[in-house]
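Here is target15.cif, consisting of mmCIF, C-alpha atoms:
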```
data_coords
#
loop_
_atom_site.label_atom_id
_atom_site.label_comp_id
_atom_site.auth_asym_id
_atom_site.auth_seq_id
_atom_site.Cartn_x
_atom_site.Cartn_y
_atom_site.Cartn_z
CA MET A 192 -1.47 -21.08 -4.47
CA GLN A 193 -4.08 -19.57 -6.76
CA SER A 194 -7.72 -19.18 -5.70
CA TYR A 195 -10.70 -18.59 -7.97
CA LEU A 196 -14.30 -17.82 -7.11
CA CYS A 197 -16.49 -20.09 -9.22
CA SER A 198 -20.26 -20.19 -8.65
CA MET A 199 -19.73 -19.15 -5.03
CA LYS A 200 -17.21 -21.97 -4.44
CA ILE A 201 -13.52 -21.44 -3.93
CA ILE A 202 -11.30 -23.63 -6.07
CA GLU A 203 -7.68 -23.87 -4.95
CA GLY A 204 -4.80 -25.60 -6.65
CA THR A 205 -1.13 -25.64 -7.47
CA ILE A 206 0.41 -26.27 -10.86
CA LYS A 207 3.65 -28.26 -10.64
CA ASP A 208 6.15 -29.72 -13.04
CA VAL A 209 4.98 -28.04 -16.23
CA SER A 210 6.60 -29.65 -19.24
CA TYR A 211 6.21 -29.05 -22.93
CA VAL A 212 7.60 -30.06 -26.29
CA THR A 213 7.67 -27.42 -28.98
CA GLN A 214 6.25 -28.31 -32.38
CA PHE A 215 6.66 -26.74 -35.81
CA THR A 216 9.74 -24.67 -34.94
CA LYS A 217 12.14 -23.52 -37.63
CA GLU A 218 15.68 -24.89 -37.81
CA LEU A 219 17.97 -22.27 -36.32
CA THR A 220 21.04 -20.91 -38.11
CA SER A 221 24.25 -21.21 -36.04
CA TYR A 222 26.73 -18.39 -35.54
CA GLU A 223 30.14 -18.54 -33.87
CA PHE A 224 30.13 -15.98 -31.08
CA ALA A 225 33.40 -14.40 -32.25
CA GLU A 226 31.75 -13.61 -35.61
CA PHE A 227 28.25 -12.76 -34.36
CA ASP A 228 26.78 -9.44 -35.54
CA ILE A 229 23.23 -8.79 -34.36
CA ASN A 230 22.64 -6.38 -37.23
CA SER A 231 23.27 -8.91 -40.00
CA ALA A 232 22.11 -12.06 -38.17
CA LYS A 233 18.73 -13.65 -38.85
CA SER A 234 15.79 -12.84 -36.56
CA SER A 235 16.49 -15.98 -34.49
CA GLY A 236 19.32 -18.49 -34.29
CA LEU A 237 22.02 -20.12 -32.19
CA ILE A 238 25.16 -18.47 -30.86
CA ILE A 239 27.97 -20.93 -30.13
CA ASN A 240 31.31 -20.65 -28.37
CA GLU A 241 33.69 -23.23 -26.86
CA GLN A 242 31.91 -23.41 -23.49
CA SER A 243 28.23 -23.09 -24.35
CA GLN A 244 25.53 -22.18 -26.78
CA LEU A 245 22.34 -20.19 -26.53
CA ALA A 246 19.39 -19.47 -28.75
CA TYR A 247 18.57 -15.85 -29.50
CA SER A 248 15.71 -13.91 -30.99
CA LYS A 249 15.73 -10.24 -31.83
CA TRP A 250 13.09 -7.57 -31.96
CA VAL A 251 13.21 -4.65 -34.37
CA SER A 252 10.92 -2.56 -32.19
CA PRO A 253 10.14 -2.67 -28.46
CA LYS A 254 6.45 -2.61 -29.29
CA ARG A 255 5.05 -6.16 -29.28
CA THR A 256 2.05 -5.39 -31.46
CA ARG A 257 4.05 -3.81 -34.27
CA THR A 258 6.41 -6.70 -35.08
CA TYR A 259 4.91 -9.78 -33.39
CA PRO A 260 8.16 -11.18 -31.91
CA PHE A 261 6.64 -14.21 -30.21
CA GLU A 262 7.14 -16.58 -33.17
CA ARG A 263 10.87 -15.84 -33.10
CA ILE A 264 10.95 -16.48 -29.35
CA TYR A 265 8.96 -19.70 -29.74
CA ASN A 266 11.49 -20.93 -32.32
CA THR A 267 14.19 -20.79 -29.61
CA TYR A 268 12.25 -22.88 -27.08
CA ASN A 269 14.07 -26.14 -27.82
CA SER A 270 17.27 -24.62 -26.39
CA GLN A 271 18.13 -24.74 -22.72
CA LYS A 272 19.35 -21.14 -22.61
CA ARG A 273 17.37 -18.47 -24.48
CA ILE A 274 17.78 -14.73 -24.89
CA THR A 275 15.85 -12.07 -26.72
CA ILE A 276 17.40 -8.79 -27.81
CA ILE A 277 15.05 -5.83 -27.58
CA PRO A 278 15.70 -2.16 -28.37
CA ILE A 279 14.77 -0.14 -25.30
CA ILE A 280 13.50 2.63 -27.56
CA LYS A 281 13.01 3.05 -31.30
CA ASP A 282 12.79 6.56 -32.66
CA GLU A 283 11.72 6.65 -36.30
CA GLY A 284 12.18 10.40 -36.70
CA ALA A 285 9.96 13.48 -36.51
CA ASP A 286 7.29 11.96 -38.80
CA GLY A 287 7.66 8.41 -37.51
CA ASP A 288 6.76 6.49 -34.38
CA LEU A 289 8.53 6.62 -31.03
CA ASP A 290 8.20 3.16 -29.47
CA ARG A 291 9.29 2.36 -25.89
CA ILE A 292 9.53 -0.94 -24.09
CA GLN A 293 6.71 -1.73 -21.65
CA SER A 294 7.39 -3.12 -18.19
CA SER A 295 5.02 -6.04 -18.83
CA THR A 296 7.43 -7.26 -21.53
CA PHE A 297 9.96 -8.10 -18.79
CA SER A 298 7.33 -10.08 -16.88
CA TRP A 299 6.38 -12.08 -19.97
CA MET A 300 9.98 -12.89 -20.82
CA SER A 301 10.72 -13.90 -17.22
CA LEU A 302 7.70 -16.21 -17.15
CA MET A 303 8.86 -17.73 -20.43
CA GLY A 304 12.40 -18.31 -19.11
CA VAL A 305 14.00 -15.92 -21.58
CA PHE A 306 16.90 -13.61 -20.68
CA VAL A 307 16.35 -10.04 -21.94
CA VAL A 308 19.18 -8.07 -23.51
CA LEU A 309 18.26 -4.42 -23.81
CA GLY A 310 19.97 -2.80 -26.74
CA TYR A 311 20.06 0.62 -28.28
CA TYR A 312 20.30 1.80 -31.84
CA GLU A 313 23.45 3.77 -32.55
CA SER A 314 22.81 4.64 -36.18
CA ALA A 315 20.05 4.98 -38.75
CA ASN A 316 19.45 6.36 -42.23
CA LYS A 317 16.92 8.85 -43.51
CA ASN A 318 14.13 7.01 -45.28
CA ILE A 319 14.44 8.07 -48.92
CA SER A 320 11.99 5.57 -50.37
CA LYS A 321 9.60 7.02 -52.93
CA ALA A 322 6.66 6.93 -50.50
CA GLN A 323 8.59 8.53 -47.62
CA CYS A 324 11.19 10.84 -49.21
CA ASP A 325 9.28 14.05 -48.36
CA ARG A 326 8.88 13.06 -44.68
CA GLU A 327 11.32 13.12 -41.78
CA LYS A 328 11.52 9.39 -41.10
CA LEU A 329 14.38 7.07 -40.19
CA THR A 330 15.02 3.52 -41.34
CA ASN A 331 17.74 0.87 -41.21
CA GLN A 332 18.44 1.30 -37.50
CA LYS A 333 21.56 -0.54 -36.28
CA PHE A 334 22.23 -1.88 -32.80
CA ASN A 335 25.52 -1.17 -31.06
CA LYS A 336 27.13 -4.55 -31.80
CA VAL A 337 29.88 -4.30 -29.16
CA PHE A 338 27.40 -3.55 -26.38
CA ILE A 339 25.07 -6.40 -27.42
CA ASN A 340 27.94 -8.90 -27.62
CA GLU A 341 29.19 -7.91 -24.14
CA GLN A 342 25.73 -8.62 -22.72
CA ILE A 343 25.56 -11.96 -24.55
CA LYS A 344 29.01 -12.91 -23.26
CA GLY A 345 27.83 -12.36 -19.67
CA ILE A 346 24.74 -14.50 -20.20
CA MET A 347 26.79 -17.27 -21.84
CA ARG A 348 28.95 -17.42 -18.68
CA HIS A 349 25.83 -17.63 -16.47
CA LYS A 350 25.09 -21.14 -15.20
CA LEU A 351 21.49 -22.30 -15.26
CA GLU A 352 20.29 -23.94 -12.06
#
```

Any chance you could give the structure as structure tokens?
Amino acid sequence: MQSYLCSMKIIEGTIKDVSYVTQFTKELTSYEFAEFDINSAKSSGLIINEQSQLAYSKWVSPKRTRTYPFERIYNTYNSQKRITIIPIIKDEGADGDLDRIQSSTFSWMSLMGVFVVLGYYESANKNISKAQCDREKLTNQKFNKVFINEQIKGIMRHKLE
């Protein structure tokens, strides 16, 4: 029960049976779970195995304001089971940013009915682009694919109630 003070009156109410239909979502690419590689997969899609399927979205940084991941999450909303894969930390090197996940991200995902898979980057390359070659920055970070797939396998076995 939520209460609000409005012009010295208390308004009380309960919101029940929220329903929605997503509009303007992109068609999701399907991947067989046995062949799924988070590092080469698109930013959102479907993962399918014999027993179930789920929609996924992935973040390239744990910082919400740097990569705006909510469109990718929204594109998965037509699926019954949704996950989002987030790096717990992203270190871009001595001259780059060090982004960490915020606790409020978990609250948002929970409220949106999205399972969170926390991943970690196991490899990266030095950024040798013309604009960055004289700086100590990393690029092309890669998730640990085996760890991510083990987490996804557990969620695929989970029954929604």

Inset, instruction - Tell me which protein, DNA and RNA residues are within 10 Å of Thr220 (chain A), counting all atoms listed in the file, leaving out same-chain ones fewer than 2 positions away, and put them as a ChimeraX atom specification. - result: /A:217-218,222,232-238,246

Residues of the last selection are to be written out with C-alpha atoms, as a tab-separated table (two decimals), in the frame of the given file.
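File produced: result-v3.tsv:
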```tsv
chain	number	residue	atom	x	y	z
A	217	LYS	CA	12.14	-23.52	-37.63
A	218	GLU	CA	15.68	-24.89	-37.81
A	222	TYR	CA	26.73	-18.39	-35.54
A	232	ALA	CA	22.11	-12.06	-38.17
A	233	LYS	CA	18.73	-13.65	-38.85
A	234	SER	CA	15.79	-12.84	-36.56
A	235	SER	CA	16.49	-15.98	-34.49
A	236	GLY	CA	19.32	-18.49	-34.29
A	237	LEU	CA	22.02	-20.12	-32.19
A	238	ILE	CA	25.16	-18.47	-30.86
A	246	ALA	CA	19.39	-19.47	-28.75
```

Inset, instruction - For CA of Ile339 (chain A) and CA of Lys317 (chain A), quote the distance in Å rounded to one decimal. - result: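 Between CA of Ile339 (chain A) and CA of Lys317 (chain A) the gap works out to 23.6 Å.
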
Legend entry - Separation of CA of Phe215 (chain A) from CA of Ile264 (chain A), in Å and rounded to one decimal: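 Going from CA of Phe215 (chain A) over to CA of Ile264 (chain A) covers 12.9 Å.
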
Legend entry - Distance in Å - CA of Thr216 (chain A) versus CA of Val307 (chain A):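 A separation of 20.7 Å between them.
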
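With distances taken from (15.8, -10.2, -32.3) and restricted to all atoms listed in the file, the residues inside 9 Å are Ile229, Ala232, Lys233, Ser234, Ser235, Tyr247, Ser248, Lys249, Trp250, Val251, Pro260, Arg263, Ile264, Ile274, Thr275, Ile276, Ile277 and Pro278 of chain A.
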
Serialized selection, C-alpha atoms, as a short mmCIF file (atom, residue, chain, number, x, y, z; two decimals), in the coordinates of the input:
```
data_model
loop_
_atom_site.label_atom_id
_atom_site.label_comp_id
_atom_site.auth_asym_id
_atom_site.auth_seq_id
_atom_site.Cartn_x
_atom_site.Cartn_y
_atom_site.Cartn_z
CA ILE A 229 23.23 -8.79 -34.36
CA ALA A 232 22.11 -12.06 -38.17
CA LYS A 233 18.73 -13.65 -38.85
CA SER A 234 15.79 -12.84 -36.56
CA SER A 235 16.49 -15.98 -34.49
CA TYR A 247 18.57 -15.85 -29.50
CA SER A 248 15.71 -13.91 -30.99
CA LYS A 249 15.73 -10.24 -31.83
CA TRP A 250 13.09 -7.57 -31.96
CA VAL A 251 13.21 -4.65 -34.37
CA PRO A 260 8.16 -11.18 -31.91
CA ARG A 263 10.87 -15.84 -33.10
CA ILE A 264 10.95 -16.48 -29.35
CA ILE A 274 17.78 -14.73 -24.89
CA THR A 275 15.85 -12.07 -26.72
CA ILE A 276 17.40 -8.79 -27.81
CA ILE A 277 15.05 -5.83 -27.58
CA PRO A 278 15.70 -2.16 -28.37
#
```

Given the file above and the PyMOL selection byres ((chain A and resi 347) around 12), which residues are selected, and can you give them as a PDB file with C-alpha atoms, keeping the file's coordinate frame?
```
ATOM      1  CA  PHE A 224      30.130 -15.980 -31.080  1.00  0.00           C
ATOM      2  CA  LEU A 237      22.020 -20.120 -32.190  1.00  0.00           C
ATOM      3  CA  ILE A 238      25.160 -18.470 -30.860  1.00  0.00           C
ATOM      4  CA  ILE A 239      27.970 -20.930 -30.130  1.00  0.00           C
ATOM      5  CA  ASN A 240      31.310 -20.650 -28.370  1.00  0.00           C
ATOM      6  CA  GLU A 241      33.690 -23.230 -26.860  1.00  0.00           C
ATOM      7  CA  GLN A 242      31.910 -23.410 -23.490  1.00  0.00           C
ATOM      8  CA  SER A 243      28.230 -23.090 -24.350  1.00  0.00           C
ATOM      9  CA  GLN A 244      25.530 -22.180 -26.780  1.00  0.00           C
ATOM     10  CA  LEU A 245      22.340 -20.190 -26.530  1.00  0.00           C
ATOM     11  CA  ALA A 246      19.390 -19.470 -28.750  1.00  0.00           C
ATOM     12  CA  TYR A 247      18.570 -15.850 -29.500  1.00  0.00           C
ATOM     13  CA  GLN A 271      18.130 -24.740 -22.720  1.00  0.00           C
ATOM     14  CA  LYS A 272      19.350 -21.140 -22.610  1.00  0.00           C
ATOM     15  CA  ARG A 273      17.370 -18.470 -24.480  1.00  0.00           C
ATOM     16  CA  ILE A 274      17.780 -14.730 -24.890  1.00  0.00           C
ATOM     17  CA  PHE A 306      16.900 -13.610 -20.680  1.00  0.00           C
ATOM     18  CA  ASN A 340      27.940  -8.900 -27.620  1.00  0.00           C
ATOM     19  CA  GLU A 341      29.190  -7.910 -24.140  1.00  0.00           C
ATOM     20  CA  GLN A 342      25.730  -8.620 -22.720  1.00  0.00           C
ATOM     21  CA  ILE A 343      25.560 -11.960 -24.550  1.00  0.00           C
ATOM     22  CA  LYS A 344      29.010 -12.910 -23.260  1.00  0.00           C
ATOM     23  CA  GLY A 345      27.830 -12.360 -19.670  1.00  0.00           C
ATOM     24  CA  ILE A 346      24.740 -14.500 -20.200  1.00  0.00           C
ATOM     25  CA  ARG A 348      28.950 -17.420 -18.680  1.00  0.00           C
ATOM     26  CA  HIS A 349      25.830 -17.630 -16.470  1.00  0.00           C
ATOM     27  CA  LYS A 350      25.090 -21.140 -15.200  1.00  0.00           C
ATOM     28  CA  LEU A 351      21.490 -22.300 -15.260  1.00  0.00           C
TER      29      LEU A 351
END
```

Inset, instruction - Find, counting only C-alpha atoms, the residue in A:Ile319, A:Lys254, A:Gly284, A:Tyr312 that gets nearest to Thr296 (chain A). - result: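 Looking only at the distances to Thr296 (chain A), the closest residue turns out to be A:Lys254.
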
Inset, instruction - Step by step, work through what the PyMOL selection byres ((chain A and resi 286) around 7) selects in the shown file, and finish by giving those residues as a list in words. - result: Gly284, Ala285, Gly287, Arg326, Glu327 and Lys328 of chain A

Legend entry - Expected answer as a VMD selection string: all residues with atoms within 8 Å of (13.9, -3.5, -19.0), all atoms listed in the file: chain A and resid 279 292 to 294 296 to 297 307 309

Inset, instruction - For Asn316 (chain A), work out the shell of residues within 8 Å, counting all atoms listed in the file and skipping chain neighbours fewer than 3 positions away, then give it as a list in words. - result: Leu329, Thr330, Asn331 and Gln332 of chain A
